[in-house]
$ cat input.txt   # compact mmCIF, C-alpha atoms
# COMPACT_ATOMS: atom_id res chain seq x y z
CA MET A 1 -1.14 1.60 -5.12
CA ARG A 2 -5.24 4.25 -6.95
CA TRP A 3 -6.25 5.97 -3.87
CA LYS A 4 -8.13 9.15 -3.09
CA ARG A 5 -6.22 12.29 -2.26
CA ALA A 6 -5.18 11.57 1.32
CA ALA A 7 -4.56 7.86 0.95
CA GLY A 8 -3.00 8.36 -2.45
CA ARG A 9 0.00 9.82 -0.80
CA ALA A 10 0.24 6.77 1.50
CA LEU A 11 0.66 4.52 -1.48
CA LEU A 12 2.24 6.86 -3.95
CA VAL A 13 4.92 8.78 -2.18
CA CYS A 14 8.32 8.83 -3.83
CA SER A 15 9.65 5.63 -5.32
CA LEU A 16 12.58 4.67 -7.45
CA LEU A 17 13.79 1.66 -9.24
CA PHE A 18 17.07 0.68 -10.74
CA ALA A 19 17.47 0.38 -14.37
CA GLY A 20 19.91 0.50 -17.16
CA PRO A 21 19.82 0.43 -20.94
CA THR A 22 19.27 -2.76 -22.81
CA GLY A 23 22.49 -4.71 -22.88
CA ALA A 24 24.20 -2.71 -20.13
CA ARG A 25 25.47 -4.32 -16.95
CA ALA A 26 23.81 -3.49 -13.63
CA GLY A 27 25.10 -0.18 -12.35
CA GLU A 28 26.43 1.04 -15.71
CA PRO A 29 25.05 4.30 -17.06
CA ALA A 30 22.90 4.48 -20.18
CA GLY A 31 23.94 6.43 -23.23
CA GLY A 32 27.69 6.07 -22.73
CA SER A 33 28.05 8.98 -20.26
CA ASP A 34 29.64 8.77 -16.85
CA GLY A 35 26.15 8.27 -15.42
CA ARG A 36 26.14 11.56 -13.54
CA GLY A 37 24.17 14.73 -14.04
CA PRO A 38 20.81 16.40 -13.33
CA ILE A 39 17.90 14.02 -12.88
CA THR A 40 14.12 14.13 -12.60
CA LEU A 41 12.09 12.41 -9.87
CA VAL A 42 8.47 11.69 -10.77
CA THR A 43 5.91 10.98 -8.08
CA GLY A 44 2.23 11.01 -7.33
CA GLY A 45 1.00 14.15 -5.62
CA ASP A 46 2.99 15.03 -2.48
CA LEU A 47 0.08 16.39 -0.47
CA THR A 48 2.09 17.43 2.58
CA GLY A 49 4.80 19.16 0.54
CA TYR A 50 7.60 17.56 2.56
CA LEU A 51 9.42 16.07 -0.42
CA ARG A 52 10.60 19.36 -1.87
CA GLY A 53 12.36 20.15 1.39
CA VAL A 54 14.01 16.74 1.41
CA LEU A 55 15.22 17.24 -2.16
CA ASP A 56 16.49 20.73 -1.33
CA GLY A 57 18.92 19.03 1.05
CA TRP A 58 20.24 16.92 -1.83
CA ASN A 59 20.40 19.82 -4.27
CA ASP A 60 22.36 22.02 -1.87
CA ARG A 61 25.10 19.38 -1.74
CA HIS A 62 24.95 18.37 -5.42
CA PRO A 63 24.76 21.58 -7.48
CA ARG A 64 25.76 19.75 -10.67
CA GLU A 65 23.39 16.82 -10.08
CA LYS A 66 20.22 18.59 -9.03
CA VAL A 67 16.91 16.79 -8.83
CA THR A 68 13.78 18.24 -10.40
CA LEU A 69 10.52 17.03 -8.88
CA VAL A 70 7.57 16.27 -11.17
CA GLU A 71 4.25 15.60 -9.47
CA LEU A 72 1.61 13.62 -11.35
CA PRO A 73 -2.08 13.40 -10.32
CA ASP A 74 -2.87 11.97 -6.89
CA ALA A 75 -4.76 8.88 -8.12
CA ALA A 76 -2.46 5.88 -8.51
CA ASP A 77 -4.25 4.64 -11.64
CA GLU A 78 -3.44 7.94 -13.38
CA VAL A 79 0.16 7.87 -12.17
CA ARG A 80 0.63 4.35 -13.48
CA ALA A 81 -0.96 5.20 -16.84
CA GLN A 82 1.38 8.14 -17.41
CA LEU A 83 4.45 6.20 -16.31
CA VAL A 84 3.59 3.25 -18.55
CA THR A 85 3.13 5.56 -21.55
CA GLU A 86 6.60 7.03 -20.99
CA LEU A 87 8.29 3.69 -20.33
CA ARG A 88 6.77 1.91 -23.31
CA SER A 89 8.12 4.63 -25.57
CA ARG A 90 11.58 4.16 -24.01
CA SER A 91 11.56 7.79 -22.94
CA ASP A 92 14.30 9.10 -20.63
CA ARG A 93 12.14 12.03 -19.50
CA PHE A 94 11.96 10.62 -15.95
CA ASP A 95 15.06 9.26 -14.25
CA VAL A 96 13.70 8.28 -10.86
CA LEU A 97 10.24 6.76 -10.79
CA ASN A 98 7.60 6.81 -8.07
CA ILE A 99 6.09 3.31 -8.14
CA ASP A 100 3.51 1.66 -5.99
CA VAL A 101 4.86 -1.54 -4.46
CA ALA A 102 2.38 -3.58 -6.52
CA TRP A 103 3.92 -2.38 -9.80
CA THR A 104 7.42 -3.72 -9.19
CA SER A 105 6.85 -7.14 -10.75
CA GLU A 106 5.08 -5.70 -13.78
CA PHE A 107 7.78 -3.10 -14.44
CA ALA A 108 10.57 -5.62 -13.91
CA ALA A 109 9.02 -8.19 -16.23
CA ALA A 110 8.56 -5.54 -18.92
CA GLY A 111 12.26 -4.64 -18.80
CA TRP A 112 11.59 -1.05 -17.77
CA ILE A 113 13.81 -1.50 -14.70
CA LYS A 114 16.76 -3.75 -13.94
CA PRO A 115 18.17 -5.55 -10.89
CA VAL A 116 19.68 -3.53 -8.08
CA ASN A 117 22.87 -4.25 -6.14
CA ALA A 118 21.43 -4.95 -2.69
CA ASP A 119 24.79 -4.36 -0.98
CA ARG A 120 24.56 -0.64 -1.72
CA PHE A 121 21.52 -0.11 0.50
CA PRO A 122 20.75 -0.53 4.23
CA LEU A 123 18.25 -3.34 3.70
CA LYS A 124 19.19 -5.03 7.00
CA HIS A 125 17.72 -2.01 8.82
CA PHE A 126 14.39 -2.25 7.00
CA LEU A 127 11.25 -4.00 8.19
CA ARG A 128 11.71 -7.48 6.78
CA PRO A 129 8.56 -7.89 4.62
CA VAL A 130 9.03 -4.61 2.75
CA VAL A 131 12.07 -5.94 0.90
CA ASP A 132 9.94 -8.69 -0.64
CA THR A 133 7.78 -6.06 -2.37
CA ALA A 134 10.87 -4.96 -4.31
CA THR A 135 11.85 -8.39 -5.62
CA PHE A 136 10.88 -10.33 -8.72
CA GLY A 137 12.25 -13.63 -9.94
CA GLY A 138 14.49 -13.88 -6.90
CA ARG A 139 16.23 -10.57 -7.66
CA LEU A 140 15.98 -7.10 -6.14
CA TYR A 141 14.52 -4.64 -8.62
CA ALA A 142 13.76 -1.70 -6.32
CA VAL A 143 14.52 -0.14 -2.97
CA PRO A 144 11.69 0.21 -0.42
CA TYR A 145 10.98 3.81 0.55
CA VAL A 146 7.58 3.94 2.25
CA THR A 147 5.54 1.09 3.67
CA ASN A 148 1.94 0.68 4.79
CA ALA A 149 -0.32 -1.90 6.39
CA GLY A 150 -4.02 -1.94 7.11
CA LEU A 151 -5.24 -1.48 10.68
CA LEU A 152 -8.55 -2.19 12.38
CA TYR A 153 -9.94 1.03 13.85
CA TYR A 154 -12.55 0.53 16.56
CA ARG A 155 -14.72 2.64 18.82
CA LYS A 156 -12.90 2.27 22.12
CA ASP A 157 -15.55 4.15 24.04
CA VAL A 158 -18.25 1.75 22.87
CA LEU A 159 -16.27 -1.42 23.54
CA ASP A 160 -15.19 -0.13 26.95
CA ARG A 161 -18.82 0.52 27.83
CA GLU A 162 -19.65 -3.06 26.85
CA GLY A 163 -16.65 -4.42 28.75
CA VAL A 164 -15.15 -6.16 25.71
CA ARG A 165 -11.78 -6.07 24.00
CA PRO A 166 -11.20 -5.30 20.32
CA PRO A 167 -11.57 -8.43 18.18
CA ARG A 168 -8.65 -10.69 17.30
CA THR A 169 -10.65 -13.05 15.10
CA TRP A 170 -13.36 -12.71 12.45
CA ALA A 171 -15.82 -14.52 14.68
CA GLU A 172 -15.33 -11.94 17.42
CA LEU A 173 -15.61 -9.07 14.96
CA GLU A 174 -18.79 -10.52 13.44
CA ARG A 175 -20.41 -11.06 16.85
CA LEU A 176 -19.69 -7.50 17.98
CA ALA A 177 -20.73 -6.02 14.63
CA LYS A 178 -24.05 -7.90 14.85
CA THR A 179 -24.85 -7.29 18.51
CA VAL A 180 -23.05 -4.19 19.82
CA ALA A 181 -23.16 -1.93 16.76
CA PRO A 182 -26.99 -1.85 16.48
CA LYS A 183 -27.32 -0.95 20.18
CA TYR A 184 -25.49 2.30 19.48
CA GLY A 185 -27.02 3.00 16.08
CA LEU A 186 -23.77 2.13 14.28
CA ASP A 187 -22.91 0.15 11.18
CA GLY A 188 -20.82 -2.89 12.00
CA TYR A 189 -17.78 -3.07 9.75
CA ALA A 190 -16.46 -1.48 6.58
CA GLY A 191 -13.37 -1.56 4.45
CA GLN A 192 -12.84 -0.29 0.90
CA PHE A 193 -15.25 -2.19 -1.34
CA LEU A 194 -15.73 0.02 -4.38
CA PRO A 195 -14.25 -1.66 -7.51
CA TYR A 196 -10.78 -0.08 -7.50
CA GLU A 197 -7.37 -0.96 -6.10
CA GLY A 198 -8.57 -0.77 -2.51
CA LEU A 199 -10.94 -3.69 -3.08
CA THR A 200 -8.03 -5.78 -4.38
CA ALA A 201 -6.17 -5.07 -1.14
CA ASN A 202 -9.19 -5.97 0.99
CA VAL A 203 -9.76 -9.22 -0.90
CA GLY A 204 -6.10 -10.21 -0.71
CA GLU A 205 -6.07 -9.53 3.03
CA ALA A 206 -9.15 -11.65 3.63
CA VAL A 207 -7.75 -14.58 1.66
CA GLN A 208 -4.28 -14.53 3.21
CA SER A 209 -5.72 -13.96 6.70
CA ALA A 210 -7.41 -17.34 6.28
CA GLY A 211 -4.15 -18.95 5.16
CA GLY A 212 -4.91 -18.92 1.45
CA SER A 213 -3.66 -17.14 -1.65
CA VAL A 214 -5.07 -15.82 -4.91
CA LEU A 215 -1.91 -16.37 -6.96
CA ALA A 216 1.34 -18.21 -6.34
CA GLY A 217 4.70 -18.57 -8.07
CA GLU A 218 4.89 -14.79 -8.66
CA GLY A 219 1.68 -14.88 -10.62
CA SER A 220 2.28 -18.07 -12.58
CA ARG A 221 -0.38 -20.16 -10.76
CA VAL A 222 -3.98 -19.43 -9.78
CA THR A 223 -4.62 -20.73 -6.27
CA VAL A 224 -7.88 -19.08 -5.24
CA ASP A 225 -9.84 -22.35 -5.48
CA SER A 226 -8.82 -23.69 -2.07
CA PRO A 227 -10.62 -24.16 1.27
CA ALA A 228 -8.60 -21.40 2.88
CA ALA A 229 -9.23 -18.89 0.09
CA ARG A 230 -12.93 -19.76 0.11
CA ARG A 231 -13.05 -19.07 3.82
CA GLY A 232 -11.50 -15.66 3.29
CA LEU A 233 -13.89 -14.70 0.52
CA SER A 234 -16.84 -15.93 2.58
CA PHE A 235 -15.88 -13.52 5.36
CA LEU A 236 -16.65 -10.61 3.04
CA LEU A 237 -19.53 -12.17 1.10
CA ASP A 238 -21.34 -13.38 4.21
CA GLY A 239 -20.80 -10.03 5.93
CA VAL A 240 -22.71 -8.20 3.20
CA ARG A 241 -25.36 -10.90 2.93
CA GLU A 242 -25.98 -10.85 6.69
CA GLY A 243 -25.87 -7.06 6.96
CA TRP A 244 -23.05 -6.45 9.41
CA ILE A 245 -21.14 -5.06 6.43
CA PRO A 246 -23.61 -2.39 5.25
CA GLN A 247 -24.58 -1.99 1.61
CA ARG A 248 -23.27 1.58 1.63
CA ALA A 249 -19.78 0.19 2.27
CA LEU A 250 -19.79 -1.12 -1.30
CA THR A 251 -19.35 2.51 -2.40
CA TYR A 252 -16.43 3.23 -0.06
CA LYS A 253 -12.87 4.04 -0.95
CA GLU A 254 -10.39 5.11 1.73
CA GLU A 255 -11.78 8.56 2.24
CA GLU A 256 -15.45 7.62 2.23
CA SER A 257 -14.83 4.89 4.80
CA ARG A 258 -12.66 7.18 6.93
CA LYS A 259 -15.34 9.86 6.98
CA ALA A 260 -17.99 7.32 7.94
CA PHE A 261 -15.89 6.27 10.94
CA GLN A 262 -14.86 9.82 11.77
CA ASP A 263 -18.48 10.98 11.69
CA GLY A 264 -19.39 8.33 14.26
CA ARG A 265 -21.26 5.94 11.96
CA LEU A 266 -19.07 2.82 12.23
CA LEU A 267 -18.03 0.47 15.01
CA PHE A 268 -15.13 -1.07 13.06
CA LEU A 269 -13.12 0.16 10.08
CA ARG A 270 -10.27 -1.33 8.10
CA ASN A 271 -8.06 1.51 6.80
CA TRP A 272 -4.46 2.68 6.46
CA PRO A 273 -2.48 4.54 9.17
CA TYR A 274 -3.03 7.94 7.54
CA ALA A 275 -6.59 7.87 8.93
CA TYR A 276 -5.37 7.91 12.55
CA ALA A 277 -4.39 11.57 12.77
CA LEU A 278 -7.43 12.71 10.80
CA ALA A 279 -9.81 10.76 13.02
CA ASN A 280 -8.15 12.36 16.04
CA ALA A 281 -8.47 15.90 14.73
CA ARG A 282 -10.54 18.44 16.68
CA SER A 283 -13.28 18.37 14.06
CA SER A 284 -13.66 14.60 14.35
CA LYS A 285 -16.64 13.24 16.27
CA VAL A 286 -14.56 10.28 17.46
CA ALA A 287 -11.43 12.18 18.55
CA GLY A 288 -10.07 10.47 21.67
CA LYS A 289 -12.75 7.77 21.43
CA PHE A 290 -11.11 5.17 19.19
CA GLY A 291 -8.18 2.80 19.03
CA ALA A 292 -6.33 0.79 16.39
CA VAL A 293 -5.18 -2.83 16.43
CA PRO A 294 -3.82 -5.28 13.85
CA LEU A 295 -6.39 -6.75 11.49
CA PRO A 296 -8.21 -9.83 12.82
CA GLY A 297 -8.06 -13.10 10.91
CA ALA A 298 -9.80 -16.44 10.64
CA ASP A 299 -8.41 -17.91 13.87
CA GLY A 300 -6.26 -15.11 15.28
CA PRO A 301 -4.48 -11.96 14.10
CA GLY A 302 -4.79 -11.50 10.37
CA SER A 303 -2.42 -10.39 7.64
CA SER A 304 -2.54 -7.05 5.86
CA ALA A 305 -1.67 -6.30 2.26
CA LEU A 306 1.60 -4.40 2.16
CA GLY A 307 1.17 -0.92 0.78
CA GLY A 308 3.65 1.83 0.18
CA SER A 309 6.13 2.67 -2.54
CA ASN A 310 9.47 1.51 -3.84
CA LEU A 311 12.22 3.60 -5.37
CA ALA A 312 13.09 2.93 -9.00
CA VAL A 313 15.21 4.21 -11.87
CA ASN A 314 14.13 4.31 -15.50
CA ALA A 315 16.13 1.83 -17.57
CA GLN A 316 16.65 4.57 -20.14
CA SER A 317 18.05 7.11 -17.67
CA ARG A 318 21.35 8.64 -18.80
CA HIS A 319 22.38 9.49 -15.24
CA GLN A 320 21.91 6.25 -13.37
CA ARG A 321 24.83 6.75 -10.99
CA THR A 322 23.30 9.96 -9.72
CA ALA A 323 19.92 8.25 -9.47
CA THR A 324 21.48 5.44 -7.46
CA GLU A 325 23.05 7.87 -5.02
CA LEU A 326 19.77 9.74 -4.67
CA ILE A 327 18.13 6.47 -3.67
CA SER A 328 20.77 5.99 -0.99
CA TYR A 329 20.01 9.47 0.30
CA LEU A 330 16.24 8.95 0.34
CA THR A 331 16.53 5.62 2.16
CA SER A 332 18.96 6.90 4.81
CA GLU A 333 17.80 7.03 8.43
CA PRO A 334 17.62 10.85 8.69
CA VAL A 335 15.43 11.14 5.61
CA GLN A 336 13.30 8.19 6.69
CA ARG A 337 12.66 10.03 9.95
CA ARG A 338 11.45 13.04 7.95
CA VAL A 339 9.23 10.77 5.85
CA LEU A 340 7.31 10.11 9.06
CA THR A 341 7.52 13.43 10.88
CA GLU A 342 7.00 15.73 7.88
CA GLY A 343 5.29 13.47 5.36
CA ALA A 344 3.09 11.53 7.82
CA LEU A 345 4.05 8.35 5.96
CA PRO A 346 5.21 5.02 7.46
CA PRO A 347 9.00 4.65 7.00
CA VAL A 348 10.77 1.39 6.19
CA TRP A 349 13.45 1.68 8.89
CA ALA A 350 12.52 -0.73 11.71
CA ASP A 351 14.19 1.16 14.58
CA LEU A 352 12.02 4.22 14.07
CA TYR A 353 8.96 2.28 15.21
CA ALA A 354 10.45 1.94 18.70
CA ASP A 355 11.81 5.48 19.03
CA PRO A 356 10.19 6.88 22.22
CA GLU A 357 9.84 10.41 20.86
CA LEU A 358 8.21 9.20 17.66
CA VAL A 359 5.88 6.82 19.50
CA ARG A 360 4.67 9.73 21.64
CA ARG A 361 3.83 11.67 18.49
CA PHE A 362 2.49 8.68 16.57
CA PRO A 363 1.08 6.22 19.13
CA TYR A 364 -0.02 3.73 16.48
CA LEU A 365 3.59 2.94 15.47
CA PRO A 366 4.02 -0.27 17.55
CA THR A 367 0.68 -1.58 16.25
CA LEU A 368 1.62 -0.66 12.71
CA LYS A 369 4.96 -2.44 13.04
CA ARG A 370 3.19 -5.65 14.07
CA GLY A 371 0.88 -5.21 11.12
CA VAL A 372 3.73 -4.73 8.65
CA LEU A 373 5.65 -7.73 10.00
CA ALA A 374 2.57 -9.93 9.49
CA ALA A 375 1.72 -8.43 6.09
CA LYS A 376 2.34 -9.82 2.62
CA PRO A 377 2.82 -8.18 -0.79
CA ARG A 378 -0.28 -7.70 -2.92
CA LEU A 379 -0.80 -10.37 -5.60
CA LYS A 380 2.64 -10.46 -7.19
CA SER A 381 2.30 -10.76 -10.95
CA PRO A 382 3.91 -9.36 -14.10
CA HIS A 383 0.29 -8.75 -15.21
CA TYR A 384 -0.73 -7.08 -11.98
CA ASP A 385 -2.97 -4.45 -13.54
CA GLN A 386 -5.08 -7.07 -15.34
CA VAL A 387 -5.17 -9.31 -12.27
CA SER A 388 -6.29 -6.47 -10.03
CA LEU A 389 -9.02 -5.39 -12.43
CA ALA A 390 -10.34 -8.96 -12.58
CA VAL A 391 -10.41 -9.28 -8.79
CA GLN A 392 -12.20 -5.94 -8.46
CA ALA A 393 -14.84 -6.75 -11.08
CA VAL A 394 -15.62 -10.26 -9.88
CA MET A 395 -15.71 -9.44 -6.18
CA HIS A 396 -17.74 -6.25 -6.48
CA ASP A 397 -20.31 -8.04 -8.62
CA ALA A 398 -20.45 -10.84 -6.05
CA LEU A 399 -20.86 -8.41 -3.15
CA VAL A 400 -23.54 -6.32 -4.87
CA HIS A 401 -25.56 -9.29 -6.14
CA ARG A 402 -24.79 -11.49 -3.13
CA ARG A 403 -23.29 -14.31 -5.18
CA SER A 404 -22.36 -17.54 -3.46
CA THR A 405 -18.76 -18.25 -2.55
CA ASP A 406 -18.69 -21.21 -4.95
CA ALA A 407 -19.90 -19.11 -7.88
CA THR A 408 -17.45 -16.33 -7.02
CA VAL A 409 -14.48 -18.69 -6.79
CA ALA A 410 -15.40 -20.39 -10.07
CA ARG A 411 -15.61 -17.08 -11.97
CA LEU A 412 -12.50 -15.65 -10.38
CA THR A 413 -10.55 -18.81 -11.22
CA ARG A 414 -11.64 -18.68 -14.88
CA GLU A 415 -10.75 -15.04 -15.34
CA LEU A 416 -7.40 -15.25 -13.57
CA ARG A 417 -6.39 -18.37 -15.48
CA ALA A 418 -7.15 -16.62 -18.73
CA ILE A 419 -4.81 -13.78 -17.73
CA VAL A 420 -2.04 -16.15 -16.59
CA ASP A 421 -2.36 -18.31 -19.71
CA ARG A 422 -2.15 -15.27 -22.00
CA GLY A 423 0.98 -14.25 -20.14
$ encode --input "input.txt" --output "structure tokens"
Amino acid sequence: MRWKRAAGRALLVCSLLFAGPTGARAGEPAGGSDGRGPITLVTGGDLTGYLRGVLDGWNDRHPREKVTLVELPDAADEVRAQLVTELRSRSDRFDVLNIDVAWTSEFAAAGWIKPVNADRFPLKHFLRPVVDTATFGGRLYAVPYVTNAGLLYYRKDVLDREGVRPPRTWAELERLAKTVAPKYGLDGYAGQFLPYEGLTANVGEAVQSAGGSVLAGEGSRVTVDSPAARRGLSFLLDGVREGWIPQRALTYKEEESRKAFQDGRLLFLRNWPYAYALANARSSKVAGKFGAVPLPGADGPGSSALGGSNLAVNAQSRHQRTATELISYLTSEPVQRRVLTEGALPPVWADLYADPELVRRFPYLPTLKRGVLAAKPRLKSPHYDQVSLAVQAVMHDALVHRRSTDATVARLTRELRAIVDRG
């Protein structure tokens, strides 16, 4: 997940993982107890405040197994740092962990969490790709709770005036960004290009939307030096070099890019679904004037990086049975509905995306579902944090200094191989 306040919640909302003590079998409690009792759920900042109400429903029915909510800072990097400090010390302070989907492999490989019995959860009702974010080494280590996929926001009023449809390919997006945007005094296209987690997501999306990959074999092989990956990186590098991605976009995170679009300065924006309601607010200059479609790709619809959060349990938790049952509660259909309606977060239950009442309230749901189904997990690796930092540093330097694709691929390959080899 590493996002500003509003998007932080999109990637940081409540997550849990399953874990048990070293040497214990899956599902057995740590510490020799019966595995039941009060537990603590730790999460990044819940900015809508919906989670406390959801947990009140649990606590009313489980007076001897109450959940205490602990909210960490909103930024995902800070959440991860505090969680890692606790987990490395084998602390049982937190029972249920809030983890970004990108952390699952790292936490599993470190032994901080343990495999989950998939039969205990309604995985068949989930959007198919979200389950992959919770696996490592062919085993399920977490339970998906919230999902997310990038969308392409566009100025519908401008495209309608020009008599053109929103782009499905990079070539169409580039042409419109070069020709239509300047006519209306707009910048062409922006994503999140500051060196932080958002840039990793944007880079991964570009590469996989061209049919390539940065890593393969769950992080054991570096695959960025391929024609497809080069094509994806060139989409971003050429965009900055040619000016239809403005220089100011290199300073954007989610919120900065959303505000640029909302203030009427952008023709196209890649961002998460949370931006839809904000851009449609009364104070927005583009309210009622924009639309959202799946991300374009090299030769057709592209592929987003999967965002969201998984549910996990600390391997040192003394009350793992209670934690397991809490996960079942949080991933049930009624709670998943509240995740959307009260938390404004994309749920993992597939049927909710076709619910007529919900679609009326959240008209982007069918588009988001298509985006999630075409999405892929972000750069799976047990060394994800190091990998992400390398991608951010290399790509931001290349974008700022307008490096060639060849030079960028060569440096990225060297740095990623060093990380993989050390691992």
$ atom_distance --input "input.txt" --atom1 "CA of Leu311 in chain A" --atom2 "CA of Leu199 in chain A"
24.4 Å
$ closest_residue --input "input.txt" --among "A:Ser303, A:Thr40, A:Asn202, A:Gln262" --to "Ser284 in chain A" --atoms "all atoms listed in the file"
A:Gln262
$ closest_residue --input "input.txt" --among "A:Ala190, A:Leu51, A:Leu306, A:Leu236" --to "Tyr252 in chain A" --atoms "only C-alpha atoms"
A:Ala190
$ closest_residue --input "input.txt" --among "A:Pro294, A:Gly211, A:Gly35, A:Pro166" --to "Thr324 in chain A" --atoms "all atoms listed in the file"
A:Gly35
$ atom_distance --input "input.txt" --atom1 "CA of Gly307 in chain A" --atom2 "CA of Leu127 in chain A"
12.9 Å
$ residues_near_point --input "input.txt" --point "(-14.8, 2.6, 12.5)" --cutoff "8 Å" --atoms "only C-alpha atoms" --output "list of chain:residue names"
A:Leu152, A:Tyr153, A:Tyr154, A:Arg155, A:Tyr189, A:Ala190, A:Arg258, A:Ala260, A:Phe261, A:Gln262, A:Gly264, A:Arg265, A:Leu266, A:Leu267, A:Phe268, A:Leu269, A:Arg270
$ axis_aligned_box --input "input.txt" --around "range 406-410 of chain A" --padding-each-side "8 Å" --output "JSON"
{"center_x": -17.2, "center_y": -18.8, "center_z": -7.5, "size_x": 21.4, "size_y": 20.9, "size_z": 21.1}
$ closest_residue --input "input.txt" --among "A:Ala344, A:Val387, A:Ala410, A:Val70" --to "Arg422 in chain A" --atoms "all atoms listed in the file"
A:Val387
$ residues_around --input "input.txt" --residues "Thr135 in chain A" --least-positions-apart "3" --cutoff "9 Å" --atoms "all atoms listed in the file" --output "PyMOL selection string"
chain A and resi 104-105+108+115+131-132+138-142
$ atom_distance --input "input.txt" --atom1 "CA of Ala76 in chain A" --atom2 "CA of Asp46 in chain A"
12.2 Å
$ closest_residue --input "input.txt" --among "A:Ser226, A:Thr413, A:Thr405, A:Ser328" --to "Pro144 in chain A" --atoms "all atoms listed in the file"
A:Ser328
$ residues_around --input "input.txt" --residues "Thr367 in chain A" --least-positions-apart "4" --cutoff "10 Å" --atoms "only C-alpha atoms" --output "PyMOL selection string"
chain A and resi 149+151+273+292-295+353+363+371-372
$ closest_residue --input "input.txt" --among "A:Ile39, A:Val146, A:Leu69, A:Val207" --to "Leu330 in chain A" --atoms "all atoms listed in the file"
A:Val146
$ closest_atom_pairs --input "input.txt" --of "range 246-320 of chain A" --to "range 388-397 of chain A" --cutoff "12 Å" --atoms "all atoms listed in the file" --output "Markdown table"
| residue | atom | partner | partner_atom | distance |
| --- | --- | --- | --- | --- |
| A:Gln247 | CA | A:His396 | CA | 11.4 |
| A:Ala249 | CA | A:His396 | CA | 11.1 |
| A:Leu250 | CA | A:His396 | CA | 7.6 |
| A:Thr251 | CA | A:His396 | CA | 9.8 |
| A:Tyr252 | CA | A:His396 | CA | 11.5 |
